[in-house]
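Trainee: Here it is, the structure in full.
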Amino acid sequence: MEVKGSSKKMIATQAEMVENKVPIPYRDQCAHLLIPLNKCRQAEFYLPWKCENQRHSYEKCEYELVMERMLQMQKIREEEAKFKHPGKQGSSIPLVPRTANA
């Protein structure tokens, strides 16, 4: 199943997510990584130093989804700015925040 506007495909099926009791807000393109992570967490009694590889994989996937959405929103804002101010070029909203030293 493909999700509109995303480059990642859904790997976990709805049936798998229901069977593994994945909460509805977490049923995204990274749910296939959350299922084994939650199983590992339960098996290891939620010890924070356990299941690090699974957690890192899941968090990386979520981070990539957020960055993808941010880039899509940036493009939308740039397109809206072109329609509002046809003479101006570029975006007034920087993608990368500035640091205090710069």
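Residues in the structure tokens are named by chain (A, B, ... in the order shown) and by number from 1 within that chain; ligands are numbered from 1 in the order shown.
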Env of stretch 33-40 of chain A: 10 Å cut, atoms = only C-alpha atoms, seq-sep filter 3 positions within chain, self excluded. Answer as a PyMOL selection string.

Mentor: chain A and resi 11-12+16-17+19-22+26-30+43-47+50-59+61-62

Trainee: Looking only at the backbone, which of the residues in chain A does DSSP tag as helix (DSSP H, G or I), as a compact mmCIF listing (two decimals) with N, CA, C and O atoms, in the first residue's frame?

Mentor:
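Below you can see result_15.txt, which holds the result:
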# COMPACT_ATOMS: atom_id res chain seq x y z
N GLN A 14 -2.65 -3.70 7.83
CA GLN A 14 -3.59 -3.32 8.90
C GLN A 14 -3.80 -4.50 9.85
O GLN A 14 -3.86 -4.32 11.06
N ALA A 15 -3.90 -5.70 9.29
CA ALA A 15 -4.13 -6.89 10.12
C ALA A 15 -2.97 -7.11 11.09
O ALA A 15 -3.19 -7.43 12.26
N GLU A 16 -1.74 -6.94 10.60
CA GLU A 16 -0.57 -7.10 11.47
C GLU A 16 -0.56 -6.05 12.58
O GLU A 16 -0.24 -6.36 13.73
N MET A 17 -0.91 -4.83 12.23
CA MET A 17 -0.91 -3.77 13.24
C MET A 17 -1.99 -3.99 14.29
O MET A 17 -1.76 -3.75 15.47
N VAL A 18 -3.16 -4.47 13.85
CA VAL A 18 -4.23 -4.78 14.81
C VAL A 18 -3.81 -5.95 15.70
O VAL A 18 -3.99 -5.91 16.92
N GLU A 19 -3.26 -6.98 15.08
CA GLU A 19 -2.83 -8.18 15.83
C GLU A 19 -1.78 -7.84 16.88
O GLU A 19 -1.79 -8.38 17.98
N ILE A 24 -3.29 3.49 17.10
CA ILE A 24 -3.64 4.11 15.83
C ILE A 24 -2.70 5.26 15.46
O ILE A 24 -2.27 5.35 14.31
N PRO A 25 -2.31 6.16 16.38
CA PRO A 25 -1.41 7.24 15.97
C PRO A 25 -0.04 6.77 15.48
O PRO A 25 0.67 7.51 14.81
N TYR A 26 0.36 5.55 15.79
CA TYR A 26 1.66 5.03 15.41
C TYR A 26 1.60 4.14 14.16
O TYR A 26 2.60 3.54 13.79
N ALA A 31 5.65 1.54 11.09
CA ALA A 31 5.01 0.57 11.99
C ALA A 31 5.66 -0.80 11.90
O ALA A 31 5.70 -1.53 12.89
N HIS A 32 6.20 -1.15 10.72
CA HIS A 32 6.85 -2.45 10.58
C HIS A 32 8.09 -2.55 11.47
O HIS A 32 8.53 -3.65 11.81
N LEU A 33 8.66 -1.42 11.87
CA LEU A 33 9.80 -1.42 12.79
C LEU A 33 9.35 -1.34 14.25
O LEU A 33 10.05 -1.78 15.15
N LEU A 34 8.18 -0.75 14.47
CA LEU A 34 7.67 -0.63 15.83
C LEU A 34 7.21 -1.97 16.39
O LEU A 34 7.36 -2.22 17.59
N ILE A 35 6.69 -2.84 15.55
CA ILE A 35 6.19 -4.14 16.02
C ILE A 35 7.30 -4.96 16.68
O ILE A 35 7.15 -5.37 17.84
N PRO A 36 8.45 -5.19 16.03
CA PRO A 36 9.50 -5.95 16.72
C PRO A 36 10.11 -5.18 17.89
O PRO A 36 10.53 -5.79 18.88
N LEU A 37 10.12 -3.85 17.81
CA LEU A 37 10.63 -3.05 18.93
C LEU A 37 9.76 -3.26 20.17
O LEU A 37 10.28 -3.49 21.27
N ASN A 38 8.45 -3.22 20.00
CA ASN A 38 7.57 -3.41 21.15
C ASN A 38 7.67 -4.83 21.71
O ASN A 38 7.60 -5.02 22.92
N LYS A 39 7.84 -5.82 20.83
CA LYS A 39 8.02 -7.19 21.31
C LYS A 39 9.31 -7.31 22.12
O LYS A 39 9.33 -7.95 23.18
N CYS A 40 10.37 -6.69 21.63
CA CYS A 40 11.65 -6.71 22.35
C CYS A 40 11.51 -6.00 23.69
O CYS A 40 12.01 -6.48 24.71
N ARG A 41 10.85 -4.86 23.69
CA ARG A 41 10.66 -4.11 24.94
C ARG A 41 9.94 -4.95 25.98
O ARG A 41 10.32 -4.97 27.15
N GLN A 42 8.89 -5.63 25.57
CA GLN A 42 8.14 -6.46 26.52
C GLN A 42 8.99 -7.63 27.01
O GLN A 42 8.97 -7.97 28.19
N ALA A 43 9.76 -8.23 26.11
CA ALA A 43 10.60 -9.37 26.50
C ALA A 43 11.72 -8.96 27.44
O ALA A 43 12.13 -9.74 28.31
N GLU A 52 18.36 -1.53 21.68
CA GLU A 52 18.87 -0.27 21.13
C GLU A 52 18.87 -0.26 19.61
O GLU A 52 18.54 0.76 19.00
N ASN A 53 19.22 -1.37 18.99
CA ASN A 53 19.26 -1.41 17.52
C ASN A 53 17.86 -1.22 16.92
O ASN A 53 17.69 -0.46 15.96
N GLN A 54 16.87 -1.90 17.50
CA GLN A 54 15.50 -1.75 17.01
C GLN A 54 15.00 -0.32 17.22
O GLN A 54 14.35 0.27 16.36
N ARG A 55 15.30 0.24 18.40
CA ARG A 55 14.84 1.60 18.69
C ARG A 55 15.49 2.60 17.73
O ARG A 55 14.84 3.51 17.23
N HIS A 56 16.78 2.43 17.49
CA HIS A 56 17.47 3.35 16.59
C HIS A 56 16.88 3.27 15.18
O HIS A 56 16.66 4.31 14.53
N SER A 57 16.61 2.08 14.70
CA SER A 57 16.02 1.91 13.37
C SER A 57 14.66 2.58 13.28
O SER A 57 14.36 3.28 12.30
N TYR A 58 13.85 2.38 14.32
CA TYR A 58 12.52 2.98 14.33
C TYR A 58 12.60 4.50 14.39
O TYR A 58 11.92 5.20 13.63
N GLU A 59 13.45 5.04 15.26
CA GLU A 59 13.56 6.49 15.40
C GLU A 59 14.14 7.13 14.14
O GLU A 59 13.74 8.23 13.76
N LYS A 60 15.05 6.44 13.46
CA LYS A 60 15.59 6.95 12.21
C LYS A 60 14.51 7.02 11.15
O LYS A 60 14.42 8.00 10.40
N CYS A 61 13.70 6.00 11.08
CA CYS A 61 12.59 5.98 10.13
C CYS A 61 11.63 7.14 10.39
O CYS A 61 11.23 7.86 9.47
N GLU A 62 11.28 7.35 11.65
CA GLU A 62 10.38 8.45 12.01
C GLU A 62 11.01 9.80 11.67
O GLU A 62 10.33 10.70 11.16
N TYR A 63 12.30 9.95 11.93
CA TYR A 63 13.01 11.19 11.62
C TYR A 63 12.96 11.47 10.12
O TYR A 63 12.71 12.60 9.70
N GLU A 64 13.19 10.43 9.32
CA GLU A 64 13.15 10.60 7.87
C GLU A 64 11.77 11.02 7.40
O GLU A 64 11.64 11.84 6.49
N LEU A 65 10.72 10.48 8.01
CA LEU A 65 9.36 10.88 7.65
C LEU A 65 9.12 12.35 8.00
O LEU A 65 8.52 13.09 7.21
N VAL A 66 9.58 12.78 9.16
CA VAL A 66 9.40 14.17 9.57
C VAL A 66 10.15 15.10 8.62
O VAL A 66 9.61 16.13 8.18
N MET A 67 11.38 14.75 8.28
CA MET A 67 12.16 15.58 7.37
C MET A 67 11.51 15.65 5.99
O MET A 67 11.49 16.71 5.35
N GLU A 68 10.95 14.56 5.55
CA GLU A 68 10.26 14.54 4.26
C GLU A 68 9.05 15.48 4.29
O GLU A 68 8.83 16.25 3.36
N ARG A 69 8.28 15.42 5.38
CA ARG A 69 7.12 16.31 5.51
C ARG A 69 7.55 17.77 5.58
O ARG A 69 6.90 18.65 5.02
N MET A 70 8.67 18.05 6.26
CA MET A 70 9.16 19.42 6.35
C MET A 70 9.56 19.95 4.97
O MET A 70 9.26 21.10 4.63
N LEU A 71 10.22 19.13 4.18
CA LEU A 71 10.61 19.55 2.83
C LEU A 71 9.39 19.77 1.95
O LEU A 71 9.35 20.71 1.15
N GLN A 72 8.38 18.93 2.09
CA GLN A 72 7.14 19.11 1.33
C GLN A 72 6.47 20.42 1.72
O GLN A 72 5.99 21.16 0.86
N MET A 73 6.46 20.71 3.02
CA MET A 73 5.84 21.95 3.49
C MET A 73 6.63 23.16 3.00
O MET A 73 6.06 24.18 2.65
N GLN A 74 7.95 23.04 2.98
CA GLN A 74 8.81 24.12 2.47
C GLN A 74 8.46 24.43 1.01
O GLN A 74 8.34 25.59 0.63
N LYS A 75 8.29 23.38 0.21
CA LYS A 75 7.95 23.58 -1.20
C LYS A 75 6.59 24.24 -1.34
O LYS A 75 6.40 25.13 -2.17
N ILE A 76 5.64 23.82 -0.51
CA ILE A 76 4.29 24.42 -0.55
C ILE A 76 4.37 25.90 -0.20
O ILE A 76 3.75 26.74 -0.85
N ARG A 77 5.13 26.23 0.83
CA ARG A 77 5.28 27.64 1.23
C ARG A 77 5.93 28.46 0.13
O ARG A 77 5.53 29.61 -0.11
N GLU A 78 6.94 27.90 -0.53
CA GLU A 78 7.60 28.61 -1.61
C GLU A 78 6.65 28.85 -2.77
O GLU A 78 6.64 29.93 -3.37
N GLU A 79 5.82 27.85 -3.10
CA GLU A 79 4.85 28.02 -4.17
C GLU A 79 3.81 29.08 -3.80
O GLU A 79 3.43 29.89 -4.64
N GLU A 80 3.35 29.07 -2.55
CA GLU A 80 2.39 30.08 -2.10
C GLU A 80 3.01 31.47 -2.15
O GLU A 80 2.34 32.44 -2.52
N ALA A 81 4.29 31.57 -1.79
CA ALA A 81 4.96 32.87 -1.81
C ALA A 81 5.08 33.39 -3.24
O ALA A 81 4.98 34.60 -3.47
N LYS A 82 5.29 32.50 -4.20
CA LYS A 82 5.37 32.92 -5.60
C LYS A 82 4.05 33.51 -6.07
O LYS A 82 4.02 34.48 -6.82
N PHE A 83 2.93 32.91 -5.63
CA PHE A 83 1.63 33.41 -6.04
C PHE A 83 1.28 34.71 -5.33
O PHE A 83 0.67 35.59 -5.92
N LYS A 84 1.69 34.86 -4.08
CA LYS A 84 1.39 36.08 -3.33
C LYS A 84 2.27 37.24 -3.78
O LYS A 84 1.80 38.37 -3.88
